Amino acid sequence: MEKLKRMIFLSLLVSLGLALSIIESFMPVPFIAPGAKLGLSNMVILVTLVVFGFKEALIVGILKSLLFTLVTGSVSSLFYSLTGTVFSSIAMFIVYLYFSKFFSLIGVSIFGAVAHNTAQVLVASLIMNNFKIFSYLPILLLISLFTGYFTGLASIFISKNLKKNFQPRCEINKI
Amino acid sequence: MTKGDKCLIISIIIISLFSLWYVKKEATNYDEKYILIQVDGKDYKKITFGPEVIGKKIPIKTELGYNLIEIGDGKVRVIEADCPDQLDVKQGYIESPGEVIVCLPNKLVIEIKGKTKDEDIDYISH
């Protein structure tokens, strides 16, 4: 029963992340820099990481990227979103597991946003064969500070409520 | 919000501001500049700025897609593109060396490059 509940909840999280990504793609970007996003779906991955665990967070992130590609139909963006998701989940996991003494979820979220941006710029520079694109990274990092702060803040509230409903079974929460 | 968060935020702000300043400094070290258009990693066209190219529109049509760029007085922008998100059109003008317009779906990179004035010709071979 517990397993079924978890599975249903994970698929709900995937669809939530998908919906957030789609809404986000409709929103005009309020910043000067093109390519910057709010990263709302990062919130879903962070909550999954906290409530369920690393494996589940990775699954939710990858499924979300694949489904988002099916929805928008742009295959070229699949690489960017997949590598970004994988890198940011790994970064958030490491920070959450080993450094949660120093950082709250806000810090974890900022680390995830930074890793996401760096991975995407790296993929872009590899595909375009032009490392000048890295000059764009500082602007993205500055923006990711703000978006990371607010997604982290939101994740704190969400995960506080979710942890009441789900007995955390993953190894992270014991440490 | 813990102490570590604040340290992290401040250090990222410092790092990115410093690297922004560094990029800016590298970019303003030039006297003469030209536009380099690359498609799929290969050079497509090189245009030197001058009074005769102001207002000129150059179509870039490859098998990867179509973009129309417009050259202004020492600046360049994309005015038409067939990519879905139109980010390159929204970016507007770029003018200083090192700045780039990237159109990922069409694999197009438009870059402003600069030459320093005291860079003499080493040798010419015919």
# chains A, B, ... in the order shown; residues from 1 in each chain; ligands from 1
>>> interface_residues(of="chain B", to="chain A", cutoff="7 Å", atoms="only C-alpha atoms", output="list in words")
Met1, Thr2, Gly4, Asp5, Ile9, Ile13, Ser16, Ser19, Leu20, Val23, Asp40, Gly41, Leu87, Gln91, Pro105 and Lys107 of chain B
>>> write_last_selection(atoms="N, CA and C atoms", output="PDB file, in the first residue's frame")
ATOM      1  N   MET B   1      17.094  30.347   6.290  1.00  0.00           N
ATOM      2  CA  MET B   1      18.276  31.076   5.815  1.00  0.00           C
ATOM      3  C   MET B   1      19.376  30.990   6.866  1.00  0.00           C
ATOM      4  N   THR B   2      20.382  30.194   6.627  1.00  0.00           N
ATOM      5  CA  THR B   2      21.458  30.053   7.596  1.00  0.00           C
ATOM      6  C   THR B   2      22.631  30.945   7.197  1.00  0.00           C
ATOM      7  N   GLY B   4      25.516  29.900   6.239  1.00  0.00           N
ATOM      8  CA  GLY B   4      26.127  29.347   5.037  1.00  0.00           C
ATOM      9  C   GLY B   4      25.465  29.849   3.778  1.00  0.00           C
ATOM     10  N   ASP B   5      24.122  29.969   3.829  1.00  0.00           N
ATOM     11  CA  ASP B   5      23.392  30.493   2.670  1.00  0.00           C
ATOM     12  C   ASP B   5      23.857  31.884   2.317  1.00  0.00           C
ATOM     13  N   ILE B   9      25.563  33.102  -1.141  1.00  0.00           N
ATOM     14  CA  ILE B   9      24.995  34.133  -2.015  1.00  0.00           C
ATOM     15  C   ILE B   9      26.016  35.236  -2.263  1.00  0.00           C
ATOM     16  N   ILE B  13      27.773  36.239  -5.863  1.00  0.00           N
ATOM     17  CA  ILE B  13      27.663  37.600  -6.405  1.00  0.00           C
ATOM     18  C   ILE B  13      29.051  38.150  -6.716  1.00  0.00           C
ATOM     19  N   SER B  16      30.591  36.305  -9.802  1.00  0.00           N
ATOM     20  CA  SER B  16      30.022  36.633 -11.110  1.00  0.00           C
ATOM     21  C   SER B  16      30.281  38.086 -11.479  1.00  0.00           C
ATOM     22  N   SER B  19      33.836  38.157 -12.748  1.00  0.00           N
ATOM     23  CA  SER B  19      34.033  37.615 -14.090  1.00  0.00           C
ATOM     24  C   SER B  19      33.345  38.479 -15.138  1.00  0.00           C
ATOM     25  N   LEU B  20      32.229  39.140 -14.752  1.00  0.00           N
ATOM     26  CA  LEU B  20      31.607  40.099 -15.680  1.00  0.00           C
ATOM     27  C   LEU B  20      32.579  41.226 -15.995  1.00  0.00           C
ATOM     28  N   VAL B  23      35.283  39.944 -18.310  1.00  0.00           N
ATOM     29  CA  VAL B  23      34.826  39.809 -19.691  1.00  0.00           C
ATOM     30  C   VAL B  23      34.746  41.173 -20.354  1.00  0.00           C
ATOM     31  N   ASP B  40      27.054  26.020 -37.513  1.00  0.00           N
ATOM     32  CA  ASP B  40      27.458  24.657 -37.184  1.00  0.00           C
ATOM     33  C   ASP B  40      28.966  24.567 -36.927  1.00  0.00           C
ATOM     34  N   GLY B  41      29.526  25.591 -36.277  1.00  0.00           N
ATOM     35  CA  GLY B  41      30.932  25.553 -35.911  1.00  0.00           C
ATOM     36  C   GLY B  41      31.883  25.980 -37.009  1.00  0.00           C
ATOM     37  N   LEU B  87      14.580  33.784 -29.631  1.00  0.00           N
ATOM     38  CA  LEU B  87      15.403  34.432 -28.608  1.00  0.00           C
ATOM     39  C   LEU B  87      16.453  35.340 -29.236  1.00  0.00           C
ATOM     40  N   GLN B  91      16.981  39.402 -28.465  1.00  0.00           N
ATOM     41  CA  GLN B  91      18.200  39.896 -27.823  1.00  0.00           C
ATOM     42  C   GLN B  91      18.574  41.302 -28.280  1.00  0.00           C
ATOM     43  N   PRO B 105      18.634  26.524 -32.243  1.00  0.00           N
ATOM     44  CA  PRO B 105      18.011  25.587 -33.198  1.00  0.00           C
ATOM     45  C   PRO B 105      18.680  25.604 -34.569  1.00  0.00           C
ATOM     46  N   LYS B 107      21.838  26.492 -35.063  1.00  0.00           N
ATOM     47  CA  LYS B 107      23.279  26.362 -34.829  1.00  0.00           C
ATOM     48  C   LYS B 107      24.043  27.565 -35.361  1.00  0.00           C
TER      49      LYS B 107
END
>>> atom_distance(atom1="atom CA of A:Val123", atom2="atom CA of A:Leu13")
26.7 Å
>>> residues_around(residues="stretch 58-61 of chain B", least_positions_apart="4", cutoff="10 Å", atoms="only C-alpha atoms", output="short mmCIF file (atom, residue, chain, number, x, y, z; two decimals) with N, CA and C atoms, in the first residue's frame")
data_model
loop_
_atom_site.label_atom_id
_atom_site.label_comp_id
_atom_site.auth_asym_id
_atom_site.auth_seq_id
_atom_site.Cartn_x
_atom_site.Cartn_y
_atom_site.Cartn_z
N ILE B 37 30.28 35.33 -38.54
CA ILE B 37 29.07 34.52 -38.51
C ILE B 37 29.48 33.06 -38.69
N VAL B 39 28.12 29.01 -38.72
CA VAL B 39 27.00 28.08 -38.74
C VAL B 39 27.56 26.69 -38.51
N TYR B 44 31.04 31.15 -41.65
CA TYR B 44 30.12 31.35 -42.76
C TYR B 44 30.46 32.64 -43.48
N LYS B 45 30.67 33.72 -42.71
CA LYS B 45 30.93 35.01 -43.32
C LYS B 45 31.64 35.92 -42.34
N VAL B 53 28.34 49.42 -45.04
CA VAL B 53 27.48 48.28 -44.70
C VAL B 53 26.36 48.67 -43.73
N GLY B 65 18.44 26.28 -41.15
CA GLY B 65 17.42 27.26 -40.88
C GLY B 65 17.71 28.58 -41.55
N TYR B 66 16.84 29.55 -41.28
CA TYR B 66 16.94 30.85 -41.94
C TYR B 66 16.99 31.96 -40.91
N ASN B 67 17.93 32.87 -41.05
CA ASN B 67 18.00 34.05 -40.20
C ASN B 67 18.31 35.25 -41.07
N LEU B 68 17.76 36.40 -40.70
CA LEU B 68 18.06 37.63 -41.42
C LEU B 68 18.70 38.58 -40.42
N ILE B 69 19.92 39.04 -40.72
CA ILE B 69 20.57 39.95 -39.77
C ILE B 69 20.69 41.33 -40.39
N GLU B 70 20.68 42.32 -39.51
CA GLU B 70 20.78 43.70 -39.96
C GLU B 70 21.98 44.35 -39.29
N ILE B 71 22.77 45.05 -40.08
CA ILE B 71 23.97 45.69 -39.55
C ILE B 71 23.69 47.18 -39.37
N VAL B 78 19.69 40.40 -35.12
CA VAL B 78 18.91 39.47 -35.95
C VAL B 78 17.51 40.03 -36.02
N ILE B 79 16.95 40.19 -37.23
CA ILE B 79 15.60 40.72 -37.28
C ILE B 79 14.57 39.67 -37.67
N GLU B 80 15.02 38.59 -38.31
CA GLU B 80 14.05 37.55 -38.62
C GLU B 80 14.70 36.21 -38.40
N ALA B 81 13.93 35.24 -37.92
CA ALA B 81 14.46 33.90 -37.75
C ALA B 81 13.32 32.92 -37.83
N ASN B 106 19.16 26.79 -35.01
CA ASN B 106 19.79 26.87 -36.32
C ASN B 106 21.31 26.74 -36.25
N LEU B 108 23.50 28.75 -35.12
CA LEU B 108 24.09 29.97 -35.64
C LEU B 108 24.73 30.75 -34.50
#
>>> select_by_dssp(residues="stretch 20-175 of chain A", states="helix (DSSP H, G or I)", output="short mmCIF file (atom, residue, chain, number, x, y, z; two decimals) with N, CA and C atoms, in the first residue's frame")
data_model
loop_
_atom_site.label_atom_id
_atom_site.label_comp_id
_atom_site.auth_asym_id
_atom_site.auth_seq_id
_atom_site.Cartn_x
_atom_site.Cartn_y
_atom_site.Cartn_z
N LEU A 20 4.32 22.95 -14.58
CA LEU A 20 5.06 24.16 -14.22
C LEU A 20 5.98 24.59 -15.37
N SER A 21 6.63 23.58 -16.02
CA SER A 21 7.51 23.92 -17.14
C SER A 21 6.73 24.55 -18.27
N ILE A 22 5.53 24.01 -18.54
CA ILE A 22 4.75 24.53 -19.67
C ILE A 22 4.29 25.96 -19.36
N ILE A 23 3.81 26.17 -18.14
CA ILE A 23 3.38 27.52 -17.75
C ILE A 23 4.55 28.48 -17.86
N GLU A 24 5.71 27.98 -17.42
CA GLU A 24 6.90 28.81 -17.45
C GLU A 24 7.29 29.20 -18.87
N SER A 25 7.08 28.27 -19.82
CA SER A 25 7.47 28.57 -21.20
C SER A 25 6.51 29.57 -21.83
N PHE A 26 5.31 29.73 -21.26
CA PHE A 26 4.39 30.73 -21.78
C PHE A 26 4.70 32.12 -21.23
N LEU A 40 10.95 26.92 -12.16
CA LEU A 40 9.92 26.48 -11.22
C LEU A 40 9.93 24.96 -11.04
N SER A 41 10.27 24.24 -12.13
CA SER A 41 10.22 22.78 -12.02
C SER A 41 11.37 22.26 -11.17
N ASN A 42 12.37 23.11 -10.96
CA ASN A 42 13.46 22.73 -10.06
C ASN A 42 12.94 22.52 -8.64
N MET A 43 11.90 23.29 -8.32
CA MET A 43 11.23 23.17 -7.02
C MET A 43 10.71 21.75 -6.81
N VAL A 44 10.08 21.21 -7.86
CA VAL A 44 9.52 19.87 -7.76
C VAL A 44 10.63 18.85 -7.51
N ILE A 45 11.74 19.01 -8.24
CA ILE A 45 12.85 18.06 -8.08
C ILE A 45 13.43 18.16 -6.67
N LEU A 46 13.55 19.37 -6.18
CA LEU A 46 14.10 19.56 -4.83
C LEU A 46 13.19 18.94 -3.77
N VAL A 47 11.89 19.13 -3.94
CA VAL A 47 10.95 18.56 -2.98
C VAL A 47 11.01 17.04 -3.02
N THR A 48 11.09 16.48 -4.23
CA THR A 48 11.20 15.03 -4.35
C THR A 48 12.46 14.52 -3.68
N LEU A 49 13.55 15.27 -3.87
CA LEU A 49 14.83 14.87 -3.26
C LEU A 49 14.71 14.85 -1.74
N VAL A 50 14.03 15.84 -1.20
CA VAL A 50 13.95 15.93 0.26
C VAL A 50 12.99 14.88 0.82
N VAL A 51 11.84 14.73 0.17
CA VAL A 51 10.82 13.86 0.74
C VAL A 51 11.08 12.40 0.41
N PHE A 54 17.20 10.52 -3.60
CA PHE A 54 17.94 10.91 -4.80
C PHE A 54 17.45 10.20 -6.05
N LYS A 55 17.24 8.87 -5.94
CA LYS A 55 16.85 8.09 -7.11
C LYS A 55 15.52 8.59 -7.67
N GLU A 56 14.59 8.83 -6.76
CA GLU A 56 13.27 9.30 -7.17
C GLU A 56 13.36 10.68 -7.81
N ALA A 57 14.22 11.54 -7.24
CA ALA A 57 14.37 12.89 -7.79
C ALA A 57 14.91 12.83 -9.21
N LEU A 58 15.90 11.94 -9.43
CA LEU A 58 16.47 11.79 -10.77
C LEU A 58 15.42 11.28 -11.75
N ILE A 59 14.62 10.30 -11.29
CA ILE A 59 13.58 9.75 -12.16
C ILE A 59 12.57 10.83 -12.53
N VAL A 60 12.14 11.59 -11.52
CA VAL A 60 11.16 12.65 -11.79
C VAL A 60 11.73 13.66 -12.76
N GLY A 61 13.00 14.05 -12.55
CA GLY A 61 13.60 15.04 -13.43
C GLY A 61 13.72 14.56 -14.86
N ILE A 62 14.20 13.32 -15.04
CA ILE A 62 14.40 12.80 -16.40
C ILE A 62 13.05 12.62 -17.10
N LEU A 63 12.07 12.08 -16.37
CA LEU A 63 10.74 11.90 -16.97
C LEU A 63 10.15 13.24 -17.37
N LYS A 64 10.34 14.22 -16.51
CA LYS A 64 9.81 15.55 -16.80
C LYS A 64 10.43 16.12 -18.08
N SER A 65 11.78 15.95 -18.21
CA SER A 65 12.45 16.47 -19.41
C SER A 65 11.93 15.77 -20.66
N LEU A 66 11.80 14.44 -20.58
CA LEU A 66 11.34 13.68 -21.76
C LEU A 66 9.92 14.10 -22.15
N LEU A 67 9.04 14.21 -21.14
CA LEU A 67 7.66 14.57 -21.45
C LEU A 67 7.57 16.00 -21.97
N PHE A 68 8.42 16.87 -21.43
CA PHE A 68 8.38 18.26 -21.90
C PHE A 68 8.81 18.35 -23.35
N THR A 69 9.78 17.49 -23.75
CA THR A 69 10.17 17.44 -25.15
C THR A 69 9.02 16.97 -26.02
N LEU A 70 8.26 15.98 -25.52
CA LEU A 70 7.10 15.51 -26.28
C LEU A 70 6.05 16.60 -26.43
N VAL A 71 5.89 17.41 -25.38
CA VAL A 71 4.87 18.46 -25.42
C VAL A 71 5.26 19.57 -26.37
N THR A 72 6.53 20.06 -26.23
CA THR A 72 6.91 21.20 -27.06
C THR A 72 7.39 20.78 -28.44
N SER A 76 15.98 19.44 -29.99
CA SER A 76 17.31 19.99 -29.70
C SER A 76 17.42 20.47 -28.25
N SER A 77 16.28 20.84 -27.67
CA SER A 77 16.34 21.32 -26.29
C SER A 77 16.38 20.18 -25.29
N LEU A 78 16.20 18.94 -25.77
CA LEU A 78 16.20 17.79 -24.86
C LEU A 78 17.56 17.64 -24.19
N PHE A 79 18.64 17.80 -24.98
CA PHE A 79 19.98 17.63 -24.41
C PHE A 79 20.23 18.64 -23.30
N TYR A 80 19.85 19.89 -23.59
CA TYR A 80 20.09 20.94 -22.60
C TYR A 80 19.32 20.64 -21.33
N SER A 81 18.05 20.29 -21.48
CA SER A 81 17.25 20.13 -20.28
C SER A 81 17.64 18.86 -19.53
N LEU A 82 18.01 17.80 -20.27
CA LEU A 82 18.41 16.55 -19.60
C LEU A 82 19.70 16.73 -18.81
N THR A 83 20.73 17.28 -19.47
CA THR A 83 21.99 17.44 -18.75
C THR A 83 21.83 18.40 -17.58
N GLY A 84 21.05 19.47 -17.81
CA GLY A 84 20.82 20.42 -16.72
C GLY A 84 20.17 19.75 -15.54
N THR A 85 19.14 18.93 -15.83
CA THR A 85 18.43 18.27 -14.75
C THR A 85 19.33 17.30 -14.00
N VAL A 86 20.07 16.48 -14.75
CA VAL A 86 20.91 15.47 -14.11
C VAL A 86 21.98 16.14 -13.25
N PHE A 87 22.64 17.17 -13.82
CA PHE A 87 23.70 17.84 -13.07
C PHE A 87 23.14 18.52 -11.83
N SER A 88 21.98 19.18 -11.98
CA SER A 88 21.49 19.91 -10.81
C SER A 88 21.00 18.94 -9.75
N SER A 89 20.44 17.77 -10.16
CA SER A 89 20.02 16.81 -9.13
C SER A 89 21.22 16.27 -8.37
N ILE A 90 22.31 15.97 -9.11
CA ILE A 90 23.49 15.44 -8.44
C ILE A 90 24.07 16.47 -7.49
N ALA A 91 24.14 17.74 -7.96
CA ALA A 91 24.71 18.79 -7.11
C ALA A 91 23.86 18.98 -5.86
N MET A 92 22.53 18.99 -6.05
CA MET A 92 21.66 19.21 -4.89
C MET A 92 21.75 18.04 -3.92
N PHE A 93 21.87 16.83 -4.47
CA PHE A 93 21.97 15.65 -3.61
C PHE A 93 23.23 15.72 -2.75
N ILE A 94 24.36 16.03 -3.40
CA ILE A 94 25.63 16.07 -2.66
C ILE A 94 25.58 17.14 -1.58
N VAL A 95 25.07 18.31 -1.95
CA VAL A 95 25.02 19.40 -0.97
C VAL A 95 24.06 19.04 0.16
N TYR A 96 22.92 18.44 -0.21
CA TYR A 96 21.93 18.13 0.82
C TYR A 96 22.42 17.03 1.76
N LEU A 97 23.16 16.08 1.19
CA LEU A 97 23.60 14.95 2.00
C LEU A 97 24.73 15.33 2.94
N TYR A 98 25.72 16.05 2.40
CA TYR A 98 26.93 16.28 3.18
C TYR A 98 27.01 17.65 3.83
N LEU A 105 17.62 24.68 2.70
CA LEU A 105 17.18 24.31 1.35
C LEU A 105 17.41 25.43 0.35
N ILE A 106 17.47 26.67 0.84
CA ILE A 106 17.74 27.79 -0.08
C ILE A 106 19.13 27.62 -0.71
N GLY A 107 20.12 27.31 0.14
CA GLY A 107 21.46 27.09 -0.39
C GLY A 107 21.50 25.91 -1.34
N VAL A 108 20.81 24.83 -0.99
CA VAL A 108 20.77 23.64 -1.84
C VAL A 108 20.18 24.00 -3.20
N SER A 109 19.10 24.79 -3.16
CA SER A 109 18.45 25.17 -4.40
C SER A 109 19.35 26.07 -5.25
N ILE A 110 20.08 26.96 -4.60
CA ILE A 110 21.00 27.83 -5.36
C ILE A 110 22.09 27.00 -6.00
N PHE A 111 22.61 26.01 -5.25
CA PHE A 111 23.63 25.12 -5.84
C PHE A 111 23.06 24.41 -7.06
N GLY A 112 21.82 23.96 -6.96
CA GLY A 112 21.19 23.27 -8.09
C GLY A 112 21.06 24.18 -9.29
N ALA A 113 20.64 25.42 -9.03
CA ALA A 113 20.46 26.36 -10.15
C ALA A 113 21.80 26.67 -10.81
N VAL A 114 22.84 26.84 -9.98
CA VAL A 114 24.18 27.11 -10.54
C VAL A 114 24.65 25.93 -11.38
N ALA A 115 24.47 24.71 -10.87
CA ALA A 115 24.90 23.52 -11.61
C ALA A 115 24.12 23.40 -12.91
N HIS A 116 22.81 23.70 -12.85
CA HIS A 116 21.96 23.63 -14.03
C HIS A 116 22.46 24.58 -15.11
N ASN A 117 22.73 25.82 -14.73
CA ASN A 117 23.20 26.81 -15.71
C ASN A 117 24.55 26.43 -16.27
N THR A 118 25.47 26.00 -15.39
CA THR A 118 26.80 25.66 -15.87
C THR A 118 26.73 24.50 -16.86
N ALA A 119 25.92 23.49 -16.54
CA ALA A 119 25.81 22.34 -17.43
C ALA A 119 25.23 22.76 -18.77
N GLN A 120 24.23 23.64 -18.75
CA GLN A 120 23.62 24.03 -20.02
C GLN A 120 24.58 24.85 -20.87
N VAL A 121 25.32 25.76 -20.23
CA VAL A 121 26.30 26.54 -21.00
C VAL A 121 27.38 25.62 -21.55
N LEU A 122 27.77 24.62 -20.75
CA LEU A 122 28.78 23.67 -21.20
C LEU A 122 28.29 22.90 -22.42
N VAL A 123 27.06 22.40 -22.36
CA VAL A 123 26.51 21.67 -23.50
C VAL A 123 26.41 22.57 -24.72
N ALA A 124 25.95 23.81 -24.50
CA ALA A 124 25.83 24.75 -25.62
C ALA A 124 27.18 25.00 -26.27
N SER A 125 28.23 25.18 -25.42
CA SER A 125 29.53 25.47 -26.00
C SER A 125 30.10 24.25 -26.70
N LEU A 126 29.76 23.04 -26.21
CA LEU A 126 30.24 21.83 -26.88
C LEU A 126 29.53 21.66 -28.22
N ILE A 127 28.21 21.91 -28.25
CA ILE A 127 27.46 21.72 -29.50
C ILE A 127 27.86 22.78 -30.53
N MET A 128 28.00 24.02 -30.08
CA MET A 128 28.33 25.09 -31.02
C MET A 128 29.82 25.16 -31.31
N PHE A 131 33.63 28.39 -27.24
CA PHE A 131 33.67 28.53 -25.79
C PHE A 131 33.44 29.98 -25.35
N LYS A 132 33.20 30.86 -26.31
CA LYS A 132 32.87 32.25 -25.97
C LYS A 132 31.53 32.34 -25.25
N ILE A 133 30.71 31.32 -25.40
CA ILE A 133 29.39 31.35 -24.77
C ILE A 133 29.53 31.41 -23.25
N PHE A 134 30.68 30.97 -22.73
CA PHE A 134 30.90 31.02 -21.29
C PHE A 134 30.90 32.44 -20.75
N SER A 135 31.11 33.43 -21.62
CA SER A 135 31.07 34.82 -21.15
C SER A 135 29.66 35.19 -20.72
N TYR A 136 28.71 34.35 -21.06
CA TYR A 136 27.32 34.59 -20.74
C TYR A 136 26.98 34.05 -19.36
N LEU A 137 27.86 33.19 -18.85
CA LEU A 137 27.57 32.48 -17.59
C LEU A 137 27.41 33.40 -16.39
N PRO A 138 28.26 34.44 -16.19
CA PRO A 138 28.08 35.27 -15.00
C PRO A 138 26.71 35.90 -14.88
N ILE A 139 26.14 36.34 -16.01
CA ILE A 139 24.81 36.94 -15.97
C ILE A 139 23.78 35.90 -15.54
N LEU A 140 23.92 34.70 -16.13
CA LEU A 140 22.99 33.62 -15.77
C LEU A 140 23.12 33.27 -14.29
N LEU A 141 24.36 33.29 -13.78
CA LEU A 141 24.57 32.95 -12.37
C LEU A 141 23.90 33.97 -11.46
N LEU A 142 24.04 35.25 -11.82
CA LEU A 142 23.42 36.29 -11.00
C LEU A 142 21.90 36.10 -10.96
N ILE A 143 21.33 35.79 -12.13
CA ILE A 143 19.87 35.60 -12.17
C ILE A 143 19.48 34.35 -11.40
N SER A 144 20.32 33.30 -11.52
CA SER A 144 19.97 32.05 -10.85
C SER A 144 20.00 32.19 -9.34
N LEU A 145 20.73 33.19 -8.83
CA LEU A 145 20.71 33.45 -7.39
C LEU A 145 19.30 33.77 -6.93
N PHE A 146 18.64 34.68 -7.67
CA PHE A 146 17.31 35.10 -7.26
C PHE A 146 16.30 33.96 -7.43
N THR A 147 16.33 33.32 -8.61
CA THR A 147 15.36 32.26 -8.84
C THR A 147 15.61 31.11 -7.87
N GLY A 148 16.89 30.81 -7.62
CA GLY A 148 17.21 29.73 -6.69
C GLY A 148 16.76 30.05 -5.29
N TYR A 149 16.89 31.31 -4.88
CA TYR A 149 16.47 31.71 -3.54
C TYR A 149 14.98 31.47 -3.37
N PHE A 150 14.19 31.90 -4.37
CA PHE A 150 12.75 31.81 -4.17
C PHE A 150 12.24 30.38 -4.33
N THR A 151 12.84 29.60 -5.25
CA THR A 151 12.39 28.21 -5.33
C THR A 151 12.79 27.46 -4.06
N GLY A 152 13.93 27.82 -3.48
CA GLY A 152 14.34 27.18 -2.23
C GLY A 152 13.39 27.51 -1.10
N LEU A 153 12.99 28.78 -1.04
CA LEU A 153 12.05 29.21 -0.01
C LEU A 153 10.72 28.47 -0.13
N ALA A 154 10.25 28.35 -1.39
CA ALA A 154 8.99 27.65 -1.60
C ALA A 154 9.13 26.18 -1.24
N SER A 155 10.28 25.57 -1.57
CA SER A 155 10.47 24.15 -1.27
C SER A 155 10.48 23.89 0.23
N ILE A 156 10.98 24.84 1.01
CA ILE A 156 10.98 24.64 2.46
C ILE A 156 9.55 24.46 2.96
N PHE A 157 8.65 25.34 2.48
CA PHE A 157 7.27 25.25 2.94
C PHE A 157 6.59 23.98 2.45
N ILE A 158 6.83 23.65 1.16
CA ILE A 158 6.17 22.46 0.60
C ILE A 158 6.64 21.21 1.33
N SER A 159 7.98 21.09 1.48
CA SER A 159 8.48 19.82 2.03
C SER A 159 8.13 19.69 3.51
N LYS A 160 7.96 20.82 4.19
CA LYS A 160 7.57 20.75 5.60
C LYS A 160 6.20 20.06 5.73
N ASN A 161 5.29 20.43 4.81
CA ASN A 161 3.96 19.83 4.86
C ASN A 161 3.95 18.40 4.35
N LEU A 162 4.76 18.14 3.32
CA LEU A 162 4.74 16.81 2.72
C LEU A 162 5.36 15.77 3.65
N LYS A 163 6.34 16.19 4.44
CA LYS A 163 7.02 15.23 5.30
C LYS A 163 6.08 14.68 6.36
N LYS A 164 5.02 15.44 6.68
CA LYS A 164 4.05 14.95 7.65
C LYS A 164 3.29 13.77 7.08
N ASN A 165 3.02 13.82 5.76
CA ASN A 165 2.21 12.77 5.14
C ASN A 165 3.02 11.55 4.76
N GLU A 171 17.67 6.99 2.87
CA GLU A 171 18.82 6.98 3.76
C GLU A 171 19.26 8.40 4.13
N ILE A 172 18.90 9.38 3.30
CA ILE A 172 19.39 10.74 3.54
C ILE A 172 18.88 11.26 4.87
N ASN A 173 17.60 11.03 5.11
CA ASN A 173 16.97 11.70 6.23
C ASN A 173 17.42 11.16 7.57
N LYS A 174 18.05 10.00 7.54
CA LYS A 174 18.53 9.44 8.80
C LYS A 174 19.79 10.13 9.28
#
>>> residues_around(residues="B:Ile35", least_positions_apart="4", cutoff="12 Å", atoms="only C-alpha atoms", output="NGL selection string")
:B and (43-50 or 53 or 58 or 69-72 or 74-77 or 94-101 or 109-115)
>>> select_by_dssp(residues="stretch 18-102 of chain B", states="strand (DSSP E)", output="number ranges by chain")
B: 32-39, 42-48, 57-62, 65-71, 76-81, 100-102
